[in-house]
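> Structure file target_7.txt (compact mmCIF, C-alpha atoms) is given on the next line.
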```txt
# COMPACT_ATOMS: atom_id res chain seq x y z
CA MET Q 1 0.00 0.00 0.00
CA ILE Q 2 1.15 3.51 -0.84
CA PRO Q 3 1.80 5.68 2.25
CA ILE Q 4 -0.67 8.56 2.04
CA LYS Q 5 0.59 12.14 2.36
CA GLN Q 6 -1.17 14.56 4.67
CA TYR Q 7 -0.14 18.00 3.48
CA THR Q 8 -2.11 20.98 4.71
CA TYR Q 9 -2.78 23.85 2.33
CA ASP Q 10 -0.08 25.97 3.95
CA GLU Q 11 2.53 23.22 3.68
CA ILE Q 12 2.16 22.99 -0.10
CA THR Q 13 4.56 25.10 -2.15
CA LEU Q 14 4.58 26.24 -5.75
CA GLY Q 15 6.81 23.94 -7.76
CA GLN Q 16 6.37 21.03 -5.33
CA VAL Q 17 6.57 17.74 -7.22
CA ALA Q 18 5.33 14.19 -6.67
CA ASN Q 19 5.82 11.17 -8.85
CA PHE Q 20 5.12 7.47 -8.95
CA ALA Q 21 5.14 4.62 -11.46
CA VAL Q 22 2.43 2.11 -12.34
CA THR Q 23 2.39 -0.85 -14.69
CA ILE Q 24 -0.87 -1.35 -16.58
CA THR Q 25 -2.07 -4.91 -16.07
CA GLU Q 26 -4.72 -7.16 -17.57
CA ASP Q 27 -6.44 -7.11 -14.19
CA MET Q 28 -6.75 -3.31 -14.29
CA MET Q 29 -8.21 -3.51 -17.81
CA SER Q 30 -10.73 -6.10 -16.75
CA LYS Q 31 -11.76 -4.14 -13.64
CA PHE Q 32 -12.12 -0.94 -15.62
CA ARG Q 33 -14.29 -2.79 -18.15
CA ASP Q 34 -16.47 -4.08 -15.30
CA ILE Q 35 -16.87 -0.61 -13.78
CA SER Q 36 -17.59 1.25 -16.99
CA GLY Q 37 -19.33 -1.37 -19.09
CA ASP Q 38 -17.13 -0.12 -21.93
CA VAL Q 39 -16.47 -3.15 -24.12
CA ASN Q 40 -15.23 -1.21 -27.11
CA PRO Q 41 -13.14 -3.71 -29.14
CA LEU Q 42 -10.16 -1.34 -29.30
CA HIS Q 43 -9.55 -2.37 -25.66
CA ILE Q 44 -10.71 -5.99 -25.92
CA SER Q 45 -9.67 -7.38 -29.30
CA GLU Q 46 -6.06 -7.62 -30.47
CA ASP Q 47 -7.25 -8.19 -34.04
CA PHE Q 48 -9.55 -5.17 -34.09
CA ALA Q 49 -6.88 -2.90 -32.62
CA LYS Q 50 -4.25 -4.07 -35.13
CA ASP Q 51 -6.71 -3.65 -37.96
CA LYS Q 52 -7.11 0.00 -36.88
CA GLY Q 53 -3.34 0.55 -36.98
CA TYR Q 54 -2.37 -0.01 -33.33
CA THR Q 55 0.27 -2.50 -32.23
CA GLY Q 56 -2.12 -4.16 -29.78
CA ARG Q 57 -5.11 -3.59 -27.52
CA VAL Q 58 -5.19 0.01 -26.40
CA VAL Q 59 -5.48 0.83 -22.69
CA TYR Q 60 -8.62 2.83 -21.86
CA GLY Q 61 -7.64 6.50 -21.74
CA MET Q 62 -9.84 6.94 -18.71
CA LEU Q 63 -8.02 4.07 -16.99
CA SER Q 64 -4.74 5.97 -17.37
CA ALA Q 65 -6.61 9.06 -16.15
CA SER Q 66 -7.68 7.14 -13.02
CA PHE Q 67 -4.17 7.66 -11.68
CA LEU Q 68 -4.85 11.37 -11.43
CA SER Q 69 -7.05 10.32 -8.51
CA THR Q 70 -4.00 8.61 -7.02
CA MET Q 71 -1.78 11.62 -7.66
CA ALA Q 72 -4.08 14.04 -5.84
CA GLY Q 73 -5.63 11.70 -3.27
CA MET Q 74 -2.44 9.95 -2.15
CA TYR Q 75 0.50 12.25 -2.98
CA LEU Q 76 -0.34 15.90 -3.49
CA PRO Q 77 -2.09 17.00 -1.32
CA GLY Q 78 -2.95 13.44 -0.13
CA GLU Q 79 -5.46 12.82 2.64
CA ASN Q 80 -6.99 16.32 2.67
CA CYS Q 81 -7.76 16.25 -1.05
CA VAL Q 82 -11.02 16.77 -2.85
CA ILE Q 83 -10.78 16.92 -6.65
CA HIS Q 84 -12.77 19.72 -8.26
CA ALA Q 85 -11.77 19.37 -11.90
CA VAL Q 86 -9.50 17.47 -14.25
CA GLU Q 87 -8.30 18.03 -17.79
CA VAL Q 88 -6.48 15.29 -19.62
CA LYS Q 89 -5.09 14.71 -23.10
CA PHE Q 90 -3.85 11.45 -24.56
CA PRO Q 91 -1.16 12.29 -27.13
CA LEU Q 92 -0.09 8.66 -27.65
CA PRO Q 93 -1.72 5.28 -27.06
CA VAL Q 94 -0.85 3.23 -23.97
CA TYR Q 95 -0.46 -0.53 -24.27
CA LEU Q 96 -0.90 -3.33 -21.76
CA GLY Q 97 2.19 -4.08 -19.70
CA GLN Q 98 3.64 -0.59 -20.12
CA THR Q 99 4.98 1.17 -17.05
CA LEU Q 100 3.91 4.78 -16.81
CA THR Q 101 5.62 7.36 -14.64
CA PHE Q 102 3.25 10.04 -13.42
CA THR Q 103 4.59 13.43 -12.40
CA GLY Q 104 2.55 16.15 -10.74
CA GLU Q 105 3.73 19.69 -10.04
CA VAL Q 106 1.96 22.43 -8.11
CA VAL Q 107 1.55 25.30 -10.58
CA SER Q 108 -0.86 27.50 -8.66
CA LYS Q 109 -2.51 28.04 -5.28
CA VAL Q 110 -5.66 30.04 -4.65
CA ASP Q 111 -5.63 31.10 -1.00
CA ALA Q 112 -9.25 32.34 -1.00
CA TYR Q 113 -10.52 28.84 -1.81
CA ASN Q 114 -7.75 26.62 -0.43
CA THR Q 115 -7.35 25.11 -3.88
CA ILE Q 116 -4.23 24.01 -5.70
CA GLU Q 117 -3.61 23.25 -9.35
CA LEU Q 118 -1.30 20.48 -10.47
CA LYS Q 119 0.20 20.06 -13.90
CA VAL Q 120 0.38 16.32 -14.53
CA SER Q 121 2.05 14.15 -17.11
CA ALA Q 122 2.68 10.47 -17.66
CA THR Q 123 5.55 9.06 -19.71
CA ASN Q 124 6.12 5.51 -20.89
CA SER Q 125 9.44 3.69 -20.56
CA ASN Q 126 10.58 5.12 -23.93
CA ASN Q 127 10.19 8.55 -22.31
CA GLN Q 128 7.26 9.38 -24.57
CA LYS Q 129 4.55 11.53 -23.07
CA VAL Q 130 1.31 9.52 -23.18
CA LEU Q 131 -0.81 11.77 -20.96
CA ARG Q 132 -0.82 15.46 -20.16
CA GLY Q 133 -3.28 17.08 -17.83
CA LYS Q 134 -4.26 19.30 -14.96
CA ILE Q 135 -5.93 18.69 -11.63
CA ARG Q 136 -7.68 21.37 -9.59
CA ALA Q 137 -8.08 20.15 -6.02
CA GLY Q 138 -9.34 21.59 -2.79
CA VAL Q 139 -7.34 21.01 0.38
CA LEU Q 140 -9.74 20.20 3.22
CA LYS Q 141 -9.08 21.46 6.74
CA MET J 1 -24.22 -5.92 -21.94
CA ILE J 2 -24.80 -2.55 -23.60
CA PRO J 3 -25.27 -2.79 -27.38
CA ILE J 4 -22.38 -0.87 -28.94
CA LYS J 5 -23.12 1.80 -31.56
CA GLN J 6 -21.12 1.88 -34.78
CA TYR J 7 -21.53 5.39 -36.12
CA THR J 8 -19.20 6.53 -38.87
CA TYR J 9 -17.98 10.12 -38.84
CA ASP J 10 -20.42 11.10 -41.61
CA GLU J 11 -23.39 9.62 -39.78
CA ILE J 12 -22.84 11.81 -36.71
CA THR J 13 -24.77 15.07 -36.65
CA LEU J 14 -24.40 18.25 -34.59
CA GLY J 15 -26.85 18.15 -31.70
CA GLN J 16 -26.98 14.34 -31.67
CA VAL J 17 -27.59 13.09 -28.14
CA ALA J 18 -26.95 9.88 -26.22
CA ASN J 19 -27.77 9.08 -22.63
CA PHE J 20 -27.65 6.25 -20.14
CA ALA J 21 -27.96 5.72 -16.40
CA VAL J 22 -25.61 3.98 -13.97
CA THR J 23 -25.89 3.24 -10.27
CA ILE J 24 -22.65 3.58 -8.32
CA THR J 25 -22.03 0.39 -6.37
CA GLU J 26 -19.68 -0.75 -3.62
CA ASP J 27 -18.17 -3.15 -6.16
CA MET J 28 -17.27 -0.26 -8.49
CA MET J 29 -15.68 1.61 -5.58
CA SER J 30 -13.64 -1.41 -4.60
CA LYS J 31 -12.51 -2.09 -8.18
CA PHE J 32 -11.55 1.54 -8.68
CA ARG J 33 -9.55 1.44 -5.45
CA ASP J 34 -7.75 -1.70 -6.68
CA ILE J 35 -6.90 -0.11 -10.04
CA SER J 36 -5.74 3.25 -8.74
CA GLY J 37 -4.31 2.35 -5.36
CA ASP J 38 -6.13 5.45 -4.10
CA VAL J 39 -7.13 4.65 -0.52
CA ASN J 40 -7.89 8.24 0.46
CA PRO J 41 -10.21 7.97 3.51
CA LEU J 42 -12.78 10.31 1.93
CA HIS J 43 -13.74 7.30 -0.22
CA ILE J 44 -13.13 4.56 2.36
CA SER J 45 -14.18 5.83 5.77
CA GLU J 46 -17.72 6.95 6.61
CA ASP J 47 -16.44 8.64 9.79
CA PHE J 48 -13.70 10.58 8.01
CA ALA J 49 -16.08 11.76 5.27
CA LYS J 50 -18.71 12.89 7.81
CA ASP J 51 -16.05 14.66 9.84
CA LYS J 52 -15.17 16.63 6.70
CA GLY J 53 -18.80 17.69 6.21
CA TYR J 54 -20.04 15.10 3.72
CA THR J 55 -23.09 12.91 4.32
CA GLY J 56 -21.12 9.73 3.66
CA ARG J 57 -18.21 8.25 1.73
CA VAL J 58 -17.63 10.24 -1.43
CA VAL J 59 -17.44 8.43 -4.77
CA TYR J 60 -14.07 8.93 -6.51
CA GLY J 61 -14.49 11.75 -9.02
CA MET J 62 -12.43 9.80 -11.51
CA LEU J 63 -14.76 6.82 -11.07
CA SER J 64 -17.69 9.00 -12.18
CA ALA J 65 -15.45 10.25 -14.98
CA SER J 66 -14.85 6.64 -16.10
CA PHE J 67 -18.30 6.72 -17.65
CA LEU J 68 -17.07 9.24 -20.20
CA SER J 69 -15.23 6.23 -21.63
CA THR J 70 -18.58 4.46 -21.83
CA MET J 71 -20.28 7.49 -23.42
CA ALA J 72 -17.74 7.79 -26.22
CA GLY J 73 -16.73 4.13 -26.59
CA MET J 74 -20.20 2.59 -26.51
CA TYR J 75 -22.68 5.29 -27.52
CA LEU J 76 -21.28 8.24 -29.40
CA PRO J 77 -19.51 7.41 -31.69
CA GLY J 78 -19.26 3.84 -30.29
CA GLU J 79 -17.05 1.21 -31.87
CA ASN J 80 -15.00 3.61 -34.04
CA CYS J 81 -14.04 5.82 -31.11
CA VAL J 82 -10.65 6.86 -29.87
CA ILE J 83 -10.64 9.45 -27.07
CA HIS J 84 -8.13 12.28 -27.53
CA ALA J 85 -8.98 14.49 -24.56
CA VAL J 86 -11.39 14.92 -21.67
CA GLU J 87 -12.29 17.80 -19.39
CA VAL J 88 -14.40 17.19 -16.34
CA LYS J 89 -15.66 19.20 -13.37
CA PHE J 90 -17.31 17.88 -10.23
CA PRO J 91 -19.70 20.57 -8.95
CA LEU J 92 -21.28 18.31 -6.29
CA PRO J 93 -20.22 15.14 -4.48
CA VAL J 94 -21.56 11.76 -5.60
CA TYR J 95 -22.49 9.18 -2.98
CA LEU J 96 -22.63 5.39 -3.08
CA GLY J 97 -25.93 4.00 -4.35
CA GLN J 98 -26.79 7.10 -6.33
CA THR J 99 -28.02 6.67 -9.88
CA LEU J 100 -26.41 9.05 -12.33
CA THR J 101 -27.83 9.88 -15.74
CA PHE J 102 -25.15 10.76 -18.26
CA THR J 103 -26.01 12.86 -21.29
CA GLY J 104 -23.67 13.54 -24.19
CA GLU J 105 -24.34 15.93 -27.07
CA VAL J 106 -22.28 16.47 -30.20
CA VAL J 107 -21.29 20.15 -30.12
CA SER J 108 -18.67 20.21 -32.87
CA LYS J 109 -17.16 18.21 -35.71
CA VAL J 110 -13.78 18.81 -37.31
CA ASP J 111 -13.86 17.28 -40.79
CA ALA J 112 -10.11 17.65 -41.38
CA TYR J 113 -9.34 15.34 -38.44
CA ASN J 114 -12.50 13.22 -38.24
CA THR J 115 -12.92 14.34 -34.64
CA ILE J 116 -16.06 15.18 -32.71
CA GLU J 117 -16.57 17.03 -29.47
CA LEU J 118 -19.23 16.02 -26.96
CA LYS J 119 -20.57 18.14 -24.14
CA VAL J 120 -21.30 15.75 -21.29
CA SER J 121 -23.13 16.03 -18.00
CA ALA J 122 -24.29 13.70 -15.25
CA THR J 123 -27.23 14.40 -12.95
CA ASN J 124 -28.26 12.58 -9.81
CA SER J 125 -31.84 11.53 -9.09
CA ASN J 126 -32.55 14.93 -7.49
CA ASN J 127 -31.73 16.40 -10.90
CA GLN J 128 -28.59 18.02 -9.53
CA LYS J 129 -25.66 18.26 -11.89
CA VAL J 130 -22.76 16.33 -10.35
CA LEU J 131 -20.44 16.28 -13.37
CA ARG J 132 -19.92 18.52 -16.36
CA GLY J 133 -17.38 17.89 -19.05
CA LYS J 134 -16.24 17.57 -22.61
CA ILE J 135 -14.85 14.72 -24.66
CA ARG J 136 -12.84 15.13 -27.85
CA ALA J 137 -12.83 11.87 -29.77
CA GLY J 138 -11.55 10.68 -33.11
CA VAL J 139 -13.80 8.54 -35.28
CA LEU J 140 -11.72 5.74 -36.81
CA LYS J 141 -12.38 4.55 -40.35
```
For this file, produce the structure as structure tokens.

Amino acid sequence: MIPIKQYTYDEITLGQVANFAVTITEDMMSKFRDISGDVNPLHISEDFAKDKGYTGRVVYGMLSASFLSTMAGMYLPGENCVIHAVEVKFPLPVYLGQTLTFTGEVVSKVDAYNTIELKVSATNSNNQKVLRGKIRAGVLK
Amino acid sequence: MIPIKQYTYDEITLGQVANFAVTITEDMMSKFRDISGDVNPLHISEDFAKDKGYTGRVVYGMLSASFLSTMAGMYLPGENCVIHAVEVKFPLPVYLGQTLTFTGEVVSKVDAYNTIELKVSATNSNNQKVLRGKIRAGVLK
């Protein structure tokens, strides 16, 4: 289990960074399919995905985006987090078995609302950016 | 199983709408926790959530956002979908057992790239908007 951070709003600084790595497994794909009911063949069928020009089944974009929950809820700010908004782009496909390194950096703080904004990215092991995004999170007292 | 739509780019029209309802279950929460490793107590502990001013454990925002995968991958455009980008805001908390109705509407098409943009929202059974967002998706040939 990941140790959860417990930063207060005041302890968080501009430029503060967190990162972690995850490997996308078959089990994650199957659980995401169960949750969402999304059985689009791009994620299920090797043949379909190859026919569309991919090298294999493509990982659900929103599965990769799930780790933005982890970034904010476990690392930055951690326990006191409530996510208000997320933006995410998927510049390159992610494939099963790939290890993604997520990096989050505090790019703004809004004192009046106790909210922080993180710039987030994920890179694969070839150092290609597969996800770029932002998280706006409140820091609970 | 949801029947998957198979719209081509040309078949999709501005203003086209899709909607579906989902009930957030304990099983979804537990699977999302397994995928993400996010064990933030806001989603796990009734006591913690109440102490922070919520009426119960809060559903992971990114779990609710998972259904944007379903919207694009199953309904609009369906089979030929590849998601490029997502924006999502969470104006109100979602609680376990709530039934959310997701609505997606085609608000733009970019012929040069075969991409569509959907405006998406989710309302709870009190007709309160709990999620607002956008999906930009490519329609594969």
> Hey, list the chain Q side of the contact with chain J: 6 Å cut-off, only C-alpha atoms, answer as an MDAnalysis selection string.
chainID Q and resid 28 31 35:36 38 40 62 66:67 70 73 79 84:90
> May I have chain J as an mmCIF file with C-alpha atoms, in the coordinates of the input, after a least-squares superposition on chain Q that uses all C-alpha atoms paired in order?

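Okay, this is what ended up in out_0.cif:
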```cif
data_model
loop_
_atom_site.group_PDB
_atom_site.id
_atom_site.type_symbol
_atom_site.label_atom_id
_atom_site.label_comp_id
_atom_site.auth_asym_id
_atom_site.auth_seq_id
_atom_site.Cartn_x
_atom_site.Cartn_y
_atom_site.Cartn_z
ATOM 1 C CA MET J 1 -0.026 -0.010 0.023
ATOM 2 C CA ILE J 2 1.157 3.500 -0.833
ATOM 3 C CA PRO J 3 1.795 5.669 2.242
ATOM 4 C CA ILE J 4 -0.674 8.556 2.044
ATOM 5 C CA LYS J 5 0.613 12.130 2.381
ATOM 6 C CA GLN J 6 -1.168 14.560 4.683
ATOM 7 C CA TYR J 7 -0.150 17.996 3.484
ATOM 8 C CA THR J 8 -2.119 20.973 4.728
ATOM 9 C CA TYR J 9 -2.773 23.842 2.337
ATOM 10 C CA ASP J 10 -0.061 25.980 3.967
ATOM 11 C CA GLU J 11 2.540 23.238 3.681
ATOM 12 C CA ILE J 12 2.162 23.003 -0.104
ATOM 13 C CA THR J 13 4.563 25.121 -2.130
ATOM 14 C CA LEU J 14 4.571 26.251 -5.765
ATOM 15 C CA GLY J 15 6.811 23.948 -7.777
ATOM 16 C CA GLN J 16 6.352 21.042 -5.351
ATOM 17 C CA VAL J 17 6.565 17.747 -7.219
ATOM 18 C CA ALA J 18 5.333 14.200 -6.669
ATOM 19 C CA ASN J 19 5.818 11.172 -8.859
ATOM 20 C CA PHE J 20 5.126 7.466 -8.960
ATOM 21 C CA ALA J 21 5.141 4.624 -11.467
ATOM 22 C CA VAL J 22 2.419 2.118 -12.345
ATOM 23 C CA THR J 23 2.375 -0.852 -14.688
ATOM 24 C CA ILE J 24 -0.879 -1.348 -16.582
ATOM 25 C CA THR J 25 -2.089 -4.902 -16.066
ATOM 26 C CA GLU J 26 -4.737 -7.161 -17.574
ATOM 27 C CA ASP J 27 -6.453 -7.108 -14.176
ATOM 28 C CA MET J 28 -6.767 -3.303 -14.294
ATOM 29 C CA MET J 29 -8.211 -3.516 -17.810
ATOM 30 C CA SER J 30 -10.742 -6.103 -16.740
ATOM 31 C CA LYS J 31 -11.761 -4.148 -13.627
ATOM 32 C CA PHE J 32 -12.123 -0.949 -15.623
ATOM 33 C CA ARG J 33 -14.292 -2.787 -18.145
ATOM 34 C CA ASP J 34 -16.481 -4.085 -15.293
ATOM 35 C CA ILE J 35 -16.887 -0.606 -13.786
ATOM 36 C CA SER J 36 -17.589 1.267 -17.000
ATOM 37 C CA GLY J 37 -19.327 -1.356 -19.092
ATOM 38 C CA ASP J 38 -17.126 -0.110 -21.940
ATOM 39 C CA VAL J 39 -16.463 -3.159 -24.113
ATOM 40 C CA ASN J 40 -15.216 -1.203 -27.121
ATOM 41 C CA PRO J 41 -13.140 -3.716 -29.153
ATOM 42 C CA LEU J 42 -10.157 -1.338 -29.298
ATOM 43 C CA HIS J 43 -9.551 -2.372 -25.669
ATOM 44 C CA ILE J 44 -10.718 -5.993 -25.923
ATOM 45 C CA SER J 45 -9.678 -7.383 -29.289
ATOM 46 C CA GLU J 46 -6.061 -7.622 -30.451
ATOM 47 C CA ASP J 47 -7.242 -8.192 -34.041
ATOM 48 C CA PHE J 48 -9.548 -5.171 -34.075
ATOM 49 C CA ALA J 49 -6.865 -2.893 -32.598
ATOM 50 C CA LYS J 50 -4.239 -4.074 -35.120
ATOM 51 C CA ASP J 51 -6.706 -3.635 -37.958
ATOM 52 C CA LYS J 52 -7.095 -0.006 -36.865
ATOM 53 C CA GLY J 53 -3.324 0.548 -36.964
ATOM 54 C CA TYR J 54 -2.359 0.005 -33.329
ATOM 55 C CA THR J 55 0.280 -2.495 -32.213
ATOM 56 C CA GLY J 56 -2.115 -4.162 -29.782
ATOM 57 C CA ARG J 57 -5.105 -3.593 -27.519
ATOM 58 C CA VAL J 58 -5.194 0.018 -26.407
ATOM 59 C CA VAL J 59 -5.473 0.825 -22.700
ATOM 60 C CA TYR J 60 -8.623 2.833 -21.878
ATOM 61 C CA GLY J 61 -7.636 6.499 -21.739
ATOM 62 C CA MET J 62 -9.828 6.943 -18.699
ATOM 63 C CA LEU J 63 -8.011 4.062 -16.995
ATOM 64 C CA SER J 64 -4.724 5.963 -17.377
ATOM 65 C CA ALA J 65 -6.585 9.041 -16.160
ATOM 66 C CA SER J 66 -7.669 7.135 -13.023
ATOM 67 C CA PHE J 67 -4.166 7.659 -11.694
ATOM 68 C CA LEU J 68 -4.850 11.377 -11.425
ATOM 69 C CA SER J 69 -7.047 10.311 -8.505
ATOM 70 C CA THR J 70 -4.003 8.594 -7.029
ATOM 71 C CA MET J 71 -1.771 11.631 -7.657
ATOM 72 C CA ALA J 72 -4.074 14.041 -5.848
ATOM 73 C CA GLY J 73 -5.612 11.679 -3.277
ATOM 74 C CA MET J 74 -2.430 9.937 -2.156
ATOM 75 C CA TYR J 75 0.488 12.235 -2.973
ATOM 76 C CA LEU J 76 -0.335 15.873 -3.502
ATOM 77 C CA PRO J 77 -2.080 16.988 -1.316
ATOM 78 C CA GLY J 78 -2.953 13.443 -0.115
ATOM 79 C CA GLU J 79 -5.449 12.816 2.655
ATOM 80 C CA ASN J 80 -6.981 16.327 2.664
ATOM 81 C CA CYS J 81 -7.753 16.259 -1.049
ATOM 82 C CA VAL J 82 -11.007 16.767 -2.856
ATOM 83 C CA ILE J 83 -10.776 16.924 -6.660
ATOM 84 C CA HIS J 84 -12.792 19.732 -8.262
ATOM 85 C CA ALA J 85 -11.781 19.362 -11.904
ATOM 86 C CA VAL J 86 -9.499 17.464 -14.257
ATOM 87 C CA GLU J 87 -8.297 18.032 -17.798
ATOM 88 C CA VAL J 88 -6.479 15.295 -19.624
ATOM 89 C CA LYS J 89 -5.094 14.711 -23.115
ATOM 90 C CA PHE J 90 -3.845 11.453 -24.581
ATOM 91 C CA PRO J 91 -1.145 12.290 -27.150
ATOM 92 C CA LEU J 92 -0.082 8.643 -27.650
ATOM 93 C CA PRO J 93 -1.716 5.261 -27.065
ATOM 94 C CA VAL J 94 -0.850 3.230 -23.966
ATOM 95 C CA TYR J 95 -0.476 -0.532 -24.268
ATOM 96 C CA LEU J 96 -0.914 -3.341 -21.755
ATOM 97 C CA GLY J 97 2.199 -4.079 -19.706
ATOM 98 C CA GLN J 98 3.635 -0.610 -20.128
ATOM 99 C CA THR J 99 4.981 1.152 -17.065
ATOM 100 C CA LEU J 100 3.895 4.759 -16.804
ATOM 101 C CA THR J 101 5.614 7.350 -14.645
ATOM 102 C CA PHE J 102 3.246 10.038 -13.429
ATOM 103 C CA THR J 103 4.587 13.427 -12.406
ATOM 104 C CA GLY J 104 2.545 16.156 -10.753
ATOM 105 C CA GLU J 105 3.734 19.696 -10.041
ATOM 106 C CA VAL J 106 1.960 22.424 -8.106
ATOM 107 C CA VAL J 107 1.544 25.293 -10.580
ATOM 108 C CA SER J 108 -0.878 27.502 -8.660
ATOM 109 C CA LYS J 109 -2.515 28.049 -5.289
ATOM 110 C CA VAL J 110 -5.668 30.044 -4.639
ATOM 111 C CA ASP J 111 -5.629 31.110 -0.989
ATOM 112 C CA ALA J 112 -9.239 32.342 -0.985
ATOM 113 C CA TYR J 113 -10.518 28.839 -1.800
ATOM 114 C CA ASN J 114 -7.737 26.631 -0.417
ATOM 115 C CA THR J 115 -7.352 25.103 -3.868
ATOM 116 C CA ILE J 116 -4.234 24.016 -5.707
ATOM 117 C CA GLU J 117 -3.628 23.254 -9.345
ATOM 118 C CA LEU J 118 -1.299 20.478 -10.470
ATOM 119 C CA LYS J 119 0.190 20.060 -13.912
ATOM 120 C CA VAL J 120 0.384 16.324 -14.523
ATOM 121 C CA SER J 121 2.048 14.146 -17.118
ATOM 122 C CA ALA J 122 2.681 10.453 -17.666
ATOM 123 C CA THR J 123 5.560 9.055 -19.711
ATOM 124 C CA ASN J 124 6.121 5.516 -20.891
ATOM 125 C CA SER J 125 9.451 3.716 -20.568
ATOM 126 C CA ASN J 126 10.584 5.140 -23.932
ATOM 127 C CA ASN J 127 10.192 8.556 -22.309
ATOM 128 C CA GLN J 128 7.266 9.379 -24.572
ATOM 129 C CA LYS J 129 4.545 11.521 -23.084
ATOM 130 C CA VAL J 130 1.301 9.527 -23.189
ATOM 131 C CA LEU J 131 -0.826 11.781 -20.975
ATOM 132 C CA ARG J 132 -0.828 15.461 -20.150
ATOM 133 C CA GLY J 133 -3.280 17.101 -17.829
ATOM 134 C CA LYS J 134 -4.255 19.316 -14.962
ATOM 135 C CA ILE J 135 -5.949 18.698 -11.645
ATOM 136 C CA ARG J 136 -7.690 21.359 -9.578
ATOM 137 C CA ALA J 137 -8.093 20.138 -6.020
ATOM 138 C CA GLY J 138 -9.352 21.579 -2.772
ATOM 139 C CA VAL J 139 -7.339 21.014 0.388
ATOM 140 C CA LEU J 140 -9.735 20.207 3.236
ATOM 141 C CA LYS J 141 -9.069 21.479 6.746
#
```
> Distance CA of Asn124 (chain Q)-CA of Phe20 (chain Q), one decimal place?
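Between CA of Asn124 (chain Q) and CA of Phe20 (chain Q) the gap works out to 12.1 Å.
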> Given the choices Q:Thr23, Q:Val139, Q:Phe48, Q:Gly56, which gets closest to Gln6 (chain Q) if the distance is worked out from all atoms listed in the file?
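With all atoms listed in the file as the atom set, the closest residue is Q:Val139.
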> Work out how far CA of Asn19 (chain Q) is from CA of Asp47 (chain J), in Å to one decimal.
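CA of Asp47 (chain J) sits 29.1 Å away from CA of Asn19 (chain Q).
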> Would you please work out which residue, of Q:Ile12, Q:Ala122, Q:Ala21, Q:Ala49, is nearest to Gly138 (chain Q) when using all atoms listed in the file?
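Checking each candidate against Gly138 (chain Q), we get Q:Ile12 as the closest.
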> Between CA of Glu26 (chain Q) and CA of Lys50 (chain Q), what is the spacing in Å?
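Going from CA of Lys50 (chain Q) over to CA of Glu26 (chain Q), I get 17.8 Å.
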> Considering only C-alpha atoms, state which residue in the set J:Asp10, J:Val17, J:Pro77, J:Ala137 is at the smallest distance from Ile116 (chain J).
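Closest to Ile116 (chain J), using only C-alpha atoms: J:Ala137.
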> Applying 9 Å and all atoms listed in the file, which residues near Lys109 (chain J) remain after dropping the ones on its own chain fewer than 4 positions away? List them as a PyMOL selection string.
chain J and resi 9+12-14+113-117
